[in-house]
file final.tsv (TSV, N, CA and C atoms)
chain	number	residue	atom	x	y	z
A	1	MET	N	19.32	1.02	11.01
A	1	MET	CA	20.10	1.07	9.81
A	1	MET	C	20.99	-0.17	9.76
A	2	TYR	N	21.09	-0.73	8.57
A	2	TYR	CA	21.89	-1.94	8.38
A	2	TYR	C	22.83	-1.69	7.20
A	3	ARG	N	24.11	-1.70	7.50
A	3	ARG	CA	25.14	-1.50	6.47
A	3	ARG	C	24.87	-0.23	5.65
A	4	GLY	N	24.46	0.82	6.33
A	4	GLY	CA	24.24	2.10	5.67
A	4	GLY	C	22.91	2.25	4.97
A	5	HIS	N	22.02	1.27	5.11
A	5	HIS	CA	20.71	1.32	4.46
A	5	HIS	C	19.60	1.36	5.51
A	6	LYS	N	18.57	2.14	5.23
A	6	LYS	CA	17.40	2.13	6.10
A	6	LYS	C	16.56	0.92	5.73
A	7	ILE	N	16.05	0.24	6.74
A	7	ILE	CA	15.30	-1.00	6.55
A	7	ILE	C	13.90	-0.83	7.12
A	8	GLY	N	12.90	-1.25	6.34
A	8	GLY	CA	11.52	-1.25	6.79
A	8	GLY	C	10.94	-2.65	6.68
A	9	VAL	N	10.03	-2.97	7.59
A	9	VAL	CA	9.37	-4.27	7.60
A	9	VAL	C	7.86	-4.03	7.61
A	10	VAL	N	7.15	-4.74	6.74
A	10	VAL	CA	5.70	-4.70	6.72
A	10	VAL	C	5.19	-6.00	7.32
A	11	VAL	N	4.32	-5.88	8.33
A	11	VAL	CA	3.78	-7.05	9.01
A	11	VAL	C	2.27	-7.11	8.73
A	12	PRO	N	1.85	-7.97	7.78
A	12	PRO	CA	0.42	-8.13	7.56
A	12	PRO	C	-0.19	-8.92	8.72
A	13	ALA	N	-1.37	-8.51	9.17
A	13	ALA	CA	-1.95	-9.17	10.34
A	13	ALA	C	-3.46	-9.23	10.24
A	14	PHE	N	-4.00	-10.42	10.47
A	14	PHE	CA	-5.44	-10.62	10.54
A	14	PHE	C	-5.72	-11.54	11.72
A	15	ASN	N	-6.41	-11.02	12.71
A	15	ASN	CA	-6.76	-11.78	13.91
A	15	ASN	C	-5.54	-12.47	14.54
A	16	GLU	N	-4.53	-11.67	14.82
A	16	GLU	CA	-3.27	-12.17	15.38
A	16	GLU	C	-3.00	-11.64	16.77
A	17	GLU	N	-4.05	-11.33	17.53
A	17	GLU	CA	-3.84	-10.73	18.85
A	17	GLU	C	-2.96	-11.59	19.76
A	18	ARG	N	-2.98	-12.88	19.60
A	18	ARG	CA	-2.15	-13.76	20.45
A	18	ARG	C	-0.67	-13.65	20.13
A	19	PHE	N	-0.33	-13.24	18.92
A	19	PHE	CA	1.06	-13.31	18.49
A	19	PHE	C	1.69	-11.97	18.08
A	20	ILE	N	0.89	-10.94	17.87
A	20	ILE	CA	1.42	-9.71	17.28
A	20	ILE	C	2.48	-9.04	18.17
A	21	GLU	N	2.27	-9.01	19.48
A	21	GLU	CA	3.25	-8.37	20.35
A	21	GLU	C	4.59	-9.09	20.33
A	22	ALA	N	4.57	-10.40	20.39
A	22	ALA	CA	5.82	-11.17	20.34
A	22	ALA	C	6.50	-11.02	18.99
A	23	THR	N	5.71	-10.99	17.93
A	23	THR	CA	6.27	-10.81	16.59
A	23	THR	C	7.01	-9.48	16.50
A	24	LEU	N	6.37	-8.42	16.96
A	24	LEU	CA	6.98	-7.09	16.90
A	24	LEU	C	8.20	-7.00	17.81
A	25	ARG	N	8.13	-7.62	18.95
A	25	ARG	CA	9.24	-7.59	19.91
A	25	ARG	C	10.48	-8.28	19.33
A	26	GLU	N	10.30	-9.26	18.47
A	26	GLU	CA	11.43	-10.03	17.92
A	26	GLU	C	12.09	-9.37	16.71
A	27	ILE	N	11.52	-8.30	16.21
A	27	ILE	CA	12.13	-7.62	15.06
A	27	ILE	C	13.40	-6.91	15.55
A	28	PRO	N	14.52	-7.15	14.89
A	28	PRO	CA	15.80	-6.64	15.40
A	28	PRO	C	15.87	-5.11	15.42
A	29	PRO	N	16.71	-4.59	16.29
A	29	PRO	CA	16.80	-3.13	16.46
A	29	PRO	C	17.34	-2.38	15.25
A	30	TRP	N	18.00	-3.07	14.33
A	30	TRP	CA	18.51	-2.38	13.15
A	30	TRP	C	17.43	-2.12	12.10
A	31	VAL	N	16.23	-2.61	12.32
A	31	VAL	CA	15.10	-2.27	11.44
A	31	VAL	C	14.62	-0.88	11.84
A	32	ASP	N	14.52	0.03	10.85
A	32	ASP	CA	14.20	1.42	11.12
A	32	ASP	C	12.70	1.71	11.22
A	33	ARG	N	11.88	0.99	10.50
A	33	ARG	CA	10.44	1.26	10.49
A	33	ARG	C	9.70	-0.07	10.41
A	34	ILE	N	8.63	-0.17	11.17
A	34	ILE	CA	7.78	-1.36	11.18
A	34	ILE	C	6.35	-0.91	10.93
A	35	ILE	N	5.77	-1.37	9.84
A	35	ILE	CA	4.40	-1.03	9.49
A	35	ILE	C	3.54	-2.28	9.71
A	36	VAL	N	2.60	-2.21	10.64
A	36	VAL	CA	1.65	-3.30	10.86
A	36	VAL	C	0.40	-2.96	10.07
A	37	VAL	N	0.00	-3.86	9.17
A	37	VAL	CA	-1.22	-3.68	8.39
A	37	VAL	C	-2.27	-4.60	8.97
A	38	ASP	N	-3.19	-4.01	9.72
A	38	ASP	CA	-4.29	-4.76	10.33
A	38	ASP	C	-5.38	-4.90	9.27
A	39	ASP	N	-5.57	-6.11	8.80
A	39	ASP	CA	-6.49	-6.41	7.70
A	39	ASP	C	-7.92	-6.60	8.22
A	40	ALA	N	-8.46	-5.54	8.86
A	40	ALA	CA	-9.83	-5.54	9.39
A	40	ALA	C	-10.06	-6.69	10.37
A	41	SER	N	-9.12	-6.88	11.27
A	41	SER	CA	-9.24	-7.94	12.27
A	41	SER	C	-10.49	-7.73	13.13
A	42	THR	N	-11.04	-8.84	13.59
A	42	THR	CA	-12.21	-8.78	14.46
A	42	THR	C	-11.82	-8.99	15.92
A	43	ASP	N	-10.54	-9.18	16.19
A	43	ASP	CA	-10.05	-9.32	17.56
A	43	ASP	C	-9.28	-8.04	17.94
A	44	ARG	N	-8.40	-8.13	18.88
A	44	ARG	CA	-7.66	-6.96	19.38
A	44	ARG	C	-6.27	-6.82	18.76
A	45	THR	N	-6.09	-7.31	17.55
A	45	THR	CA	-4.80	-7.20	16.87
A	45	THR	C	-4.34	-5.75	16.79
A	46	GLY	N	-5.20	-4.88	16.31
A	46	GLY	CA	-4.84	-3.47	16.16
A	46	GLY	C	-4.50	-2.81	17.48
A	47	ALA	N	-5.29	-3.09	18.51
A	47	ALA	CA	-5.05	-2.49	19.82
A	47	ALA	C	-3.71	-2.95	20.40
A	48	LYS	N	-3.40	-4.21	20.21
A	48	LYS	CA	-2.13	-4.74	20.74
A	48	LYS	C	-0.94	-4.17	19.96
A	49	ALA	N	-1.09	-4.02	18.66
A	49	ALA	CA	-0.02	-3.41	17.86
A	49	ALA	C	0.16	-1.94	18.26
A	50	LEU	N	-0.93	-1.25	18.48
A	50	LEU	CA	-0.87	0.14	18.89
A	50	LEU	C	-0.22	0.27	20.26
A	51	SER	N	-0.51	-0.65	21.15
A	51	SER	CA	0.11	-0.66	22.46
A	51	SER	C	1.62	-0.80	22.33
A	52	ARG	N	2.04	-1.67	21.44
A	52	ARG	CA	3.48	-1.87	21.20
A	52	ARG	C	4.09	-0.60	20.59
A	53	ALA	N	3.33	0.11	19.77
A	53	ALA	CA	3.81	1.33	19.13
A	53	ALA	C	4.13	2.41	20.17
A	54	HIS	N	3.43	2.41	21.29
A	54	HIS	CA	3.70	3.40	22.33
A	54	HIS	C	5.07	3.19	22.96
A	55	GLY	N	5.57	1.97	22.94
A	55	GLY	CA	6.88	1.68	23.50
A	55	GLY	C	7.99	1.58	22.48
A	56	ASP	N	7.63	1.65	21.20
A	56	ASP	CA	8.62	1.48	20.14
A	56	ASP	C	8.27	2.45	19.01
A	57	GLU	N	9.02	3.52	18.91
A	57	GLU	CA	8.70	4.58	17.94
A	57	GLU	C	8.81	4.13	16.48
A	58	ARG	N	9.39	2.97	16.24
A	58	ARG	CA	9.49	2.47	14.86
A	58	ARG	C	8.17	1.94	14.34
A	59	VAL	N	7.26	1.58	15.25
A	59	VAL	CA	6.01	0.89	14.86
A	59	VAL	C	4.93	1.88	14.46
A	60	ARG	N	4.32	1.62	13.30
A	60	ARG	CA	3.17	2.37	12.83
A	60	ARG	C	2.07	1.37	12.51
A	61	LEU	N	0.83	1.77	12.72
A	61	LEU	CA	-0.31	0.89	12.47
A	61	LEU	C	-1.16	1.45	11.34
A	62	LEU	N	-1.45	0.60	10.38
A	62	LEU	CA	-2.37	0.93	9.29
A	62	LEU	C	-3.53	-0.04	9.40
A	63	THR	N	-4.72	0.48	9.63
A	63	THR	CA	-5.91	-0.37	9.79
A	63	THR	C	-6.78	-0.27	8.56
A	64	LEU	N	-7.02	-1.39	7.91
A	64	LEU	CA	-7.89	-1.42	6.74
A	64	LEU	C	-9.35	-1.55	7.19
A	65	PRO	N	-10.26	-0.82	6.56
A	65	PRO	CA	-11.67	-0.85	6.98
A	65	PRO	C	-12.39	-2.14	6.57
A	66	ALA	N	-11.89	-2.82	5.57
A	66	ALA	CA	-12.50	-4.07	5.10
A	66	ALA	C	-11.38	-5.04	4.76
A	67	ARG	N	-11.67	-6.30	4.89
A	67	ARG	CA	-10.67	-7.35	4.65
A	67	ARG	C	-10.23	-7.35	3.20
A	68	ARG	N	-8.92	-7.32	2.98
A	68	ARG	CA	-8.38	-7.33	1.62
A	68	ARG	C	-7.70	-8.66	1.31
A	69	GLY	N	-7.16	-9.31	2.35
A	69	GLY	CA	-6.48	-10.58	2.13
A	69	GLY	C	-5.25	-10.41	1.27
A	70	CYS	N	-4.73	-11.52	0.81
A	70	CYS	CA	-3.56	-11.52	-0.06
A	70	CYS	C	-3.99	-11.18	-1.48
A	71	THR	N	-3.43	-10.13	-2.04
A	71	THR	CA	-3.79	-9.74	-3.41
A	71	THR	C	-2.71	-10.15	-4.40
A	72	GLY	N	-1.70	-10.89	-3.88
A	72	GLY	CA	-0.58	-11.44	-4.61
A	72	GLY	C	-0.48	-11.05	-5.99

call {"tool": "encode", "arguments": {"input": "final.tsv", "output": "structure tokens"}}
result
Amino acid sequence: MYRGHKIGVVVPAFNEERFIEATLREIPPWVDRIIVVDDASTDRTGAKALSRAHGDERVRLLTLPARRGCTG
């Protein structure tokens, strides 16, 4: 919670296995929820995010079955 507000962060990820754990680790403790959106990665991005979720109850993983990319 930050200044009385709940804060959520969405982390889009595609083939980020090298960086996803460090990225999640650096999100400050006042963030209440972290949603990792694995955009059908072909590496271990989802597995590494899920591993981090076991140690941090704020982290949730959403895995897309097919690549969606930026729909801006």

call {"tool": "residues_around", "arguments": {"input": "final.tsv", "residues": "Trp30 of chain A", "least_positions_apart": "2", "cutoff": "9 Å", "atoms": "only C-alpha atoms", "output": "mmCIF file with N, CA and C atoms, in the frame of the given file"}}
result
data_model
loop_
_atom_site.group_PDB
_atom_site.id
_atom_site.type_symbol
_atom_site.label_atom_id
_atom_site.label_comp_id
_atom_site.auth_asym_id
_atom_site.auth_seq_id
_atom_site.Cartn_x
_atom_site.Cartn_y
_atom_site.Cartn_z
ATOM 1 N N MET A 1 19.320 1.020 11.010
ATOM 2 C CA MET A 1 20.100 1.070 9.810
ATOM 3 C C MET A 1 20.990 -0.170 9.760
ATOM 4 N N TYR A 2 21.090 -0.730 8.570
ATOM 5 C CA TYR A 2 21.890 -1.940 8.380
ATOM 6 C C TYR A 2 22.830 -1.690 7.200
ATOM 7 N N LYS A 6 18.570 2.140 5.230
ATOM 8 C CA LYS A 6 17.400 2.130 6.100
ATOM 9 C C LYS A 6 16.560 0.920 5.730
ATOM 10 N N ILE A 7 16.050 0.240 6.740
ATOM 11 C CA ILE A 7 15.300 -1.000 6.550
ATOM 12 C C ILE A 7 13.900 -0.830 7.120
ATOM 13 N N ILE A 27 11.520 -8.300 16.210
ATOM 14 C CA ILE A 27 12.130 -7.620 15.060
ATOM 15 C C ILE A 27 13.400 -6.910 15.550
ATOM 16 N N PRO A 28 14.520 -7.150 14.890
ATOM 17 C CA PRO A 28 15.800 -6.640 15.400
ATOM 18 C C PRO A 28 15.870 -5.110 15.420
ATOM 19 N N ASP A 32 14.520 0.030 10.850
ATOM 20 C CA ASP A 32 14.200 1.420 11.120
ATOM 21 C C ASP A 32 12.700 1.710 11.220
#

call {"tool": "residues_near_point", "arguments": {"input": "final.tsv", "point": "(-8.9, -10.9, 14.3)", "cutoff": "6.5 Å", "atoms": "all atoms listed in the file", "output": "MDAnalysis selection string"}}
result
chainID A and resid 14:17 40:45

call {"tool": "write_last_selection", "arguments": {"input": "final.tsv", "atoms": "N, CA and C atoms", "output": "tab-separated table (two decimals), keeping the file's coordinate frame"}}
result
chain	number	residue	atom	x	y	z
A	14	PHE	N	-4.00	-10.42	10.47
A	14	PHE	CA	-5.44	-10.62	10.54
A	14	PHE	C	-5.72	-11.54	11.72
A	15	ASN	N	-6.41	-11.02	12.71
A	15	ASN	CA	-6.76	-11.78	13.91
A	15	ASN	C	-5.54	-12.47	14.54
A	16	GLU	N	-4.53	-11.67	14.82
A	16	GLU	CA	-3.27	-12.17	15.38
A	16	GLU	C	-3.00	-11.64	16.77
A	17	GLU	N	-4.05	-11.33	17.53
A	17	GLU	CA	-3.84	-10.73	18.85
A	17	GLU	C	-2.96	-11.59	19.76
A	40	ALA	N	-8.46	-5.54	8.86
A	40	ALA	CA	-9.83	-5.54	9.39
A	40	ALA	C	-10.06	-6.69	10.37
A	41	SER	N	-9.12	-6.88	11.27
A	41	SER	CA	-9.24	-7.94	12.27
A	41	SER	C	-10.49	-7.73	13.13
A	42	THR	N	-11.04	-8.84	13.59
A	42	THR	CA	-12.21	-8.78	14.46
A	42	THR	C	-11.82	-8.99	15.92
A	43	ASP	N	-10.54	-9.18	16.19
A	43	ASP	CA	-10.05	-9.32	17.56
A	43	ASP	C	-9.28	-8.04	17.94
A	44	ARG	N	-8.40	-8.13	18.88
A	44	ARG	CA	-7.66	-6.96	19.38
A	44	ARG	C	-6.27	-6.82	18.76
A	45	THR	N	-6.09	-7.31	17.55
A	45	THR	CA	-4.80	-7.20	16.87
A	45	THR	C	-4.34	-5.75	16.79

call {"tool": "atom_distance", "arguments": {"input": "final.tsv", "atom1": "atom CA of Arg60 of chain A", "atom2": "atom C of Val37 of chain A"}}
result
9.6 Å

call {"tool": "atom_distance", "arguments": {"input": "final.tsv", "atom1": "atom CA of Ala66 of chain A", "atom2": "atom CA of Ala47 of chain A"}}
result
16.6 Å

call {"tool": "select_by_dssp", "arguments": {"input": "final.tsv", "residues": "chain A", "states": "alpha helix (DSSP H)", "output": "list in words"}}
result
Ile20, Glu21, Ala22, Thr23, Leu24, Arg25, Thr45, Gly46, Ala47, Lys48, Ala49, Leu50, Ser51, Arg52, Ala53, His54 and Gly55 of chain A

call {"tool": "residues_near_point", "arguments": {"input": "final.tsv", "point": "(5.8, -9.6, 12.6)", "cutoff": "7 Å", "atoms": "only N, CA and C atoms", "output": "PyMOL selection string"}}
result
chain A and resi 10-12+20+22-24+27

call {"tool": "write_last_selection", "arguments": {"input": "final.tsv", "atoms": "N, CA and C atoms", "output": "CSV table (one decimal), in the frame of the given file"}}
result
chain,number,residue,atom,x,y,z
A,10,VAL,N,7.2,-4.7,6.7
A,10,VAL,CA,5.7,-4.7,6.7
A,10,VAL,C,5.2,-6.0,7.3
A,11,VAL,N,4.3,-5.9,8.3
A,11,VAL,CA,3.8,-7.0,9.0
A,11,VAL,C,2.3,-7.1,8.7
A,12,PRO,N,1.8,-8.0,7.8
A,12,PRO,CA,0.4,-8.1,7.6
A,12,PRO,C,-0.2,-8.9,8.7
A,20,ILE,N,0.9,-10.9,17.9
A,20,ILE,CA,1.4,-9.7,17.3
A,20,ILE,C,2.5,-9.0,18.2
A,22,ALA,N,4.6,-10.4,20.4
A,22,ALA,CA,5.8,-11.2,20.3
A,22,ALA,C,6.5,-11.0,19.0
A,23,THR,N,5.7,-11.0,17.9
A,23,THR,CA,6.3,-10.8,16.6
A,23,THR,C,7.0,-9.5,16.5
A,24,LEU,N,6.4,-8.4,17.0
A,24,LEU,CA,7.0,-7.1,16.9
A,24,LEU,C,8.2,-7.0,17.8
A,27,ILE,N,11.5,-8.3,16.2
A,27,ILE,CA,12.1,-7.6,15.1
A,27,ILE,C,13.4,-6.9,15.6

call {"tool": "closest_residue", "arguments": {"input": "final.tsv", "among": "A:Phe19, A:Pro29, A:Asp38, A:Ala13", "to": "Leu64 of chain A", "atoms": "all atoms listed in the file"}}
result
A:Asp38

call {"tool": "closest_residue", "arguments": {"input": "final.tsv", "among": "A:Gly4, A:Asp39, A:Arg33, A:Gly46", "to": "Val59 of chain A", "atoms": "only N, CA and C atoms"}}
result
A:Arg33

call {"tool": "atom_distance", "arguments": {"input": "final.tsv", "atom1": "atom N of Gly8 of chain A", "atom2": "atom N of Ile34 of chain A"}}
result
6.5 Å

call {"tool": "closest_residue", "arguments": {"input": "final.tsv", "among": "A:Glu21, A:Leu61, A:Ile35, A:Glu26", "to": "Lys48 of chain A", "atoms": "only C-alpha atoms"}}
result
A:Glu21

call {"tool": "axis_aligned_box", "arguments": {"input": "final.tsv", "around": "segment 28-35 of chain A", "padding_each_side": "6 Å", "output": "lines of an AutoDock Vina configuration file"}}
result
center_x = 11.0
center_y = -2.7
center_z = 13.0
size_x = 27.0
size_y = 20.9
size_z = 19.0

call {"tool": "closest_residue", "arguments": {"input": "final.tsv", "among": "A:Arg18, A:Arg3, A:Arg68, A:Arg58", "to": "Val36 of chain A", "atoms": "only N, CA and C atoms"}}
result
A:Arg58

call {"tool": "select_by_dssp", "arguments": {"input": "final.tsv", "residues": "chain A", "states": "strand (DSSP E)", "output": "ChimeraX atom specification"}}
result
/A:8-13,33-38,59-63
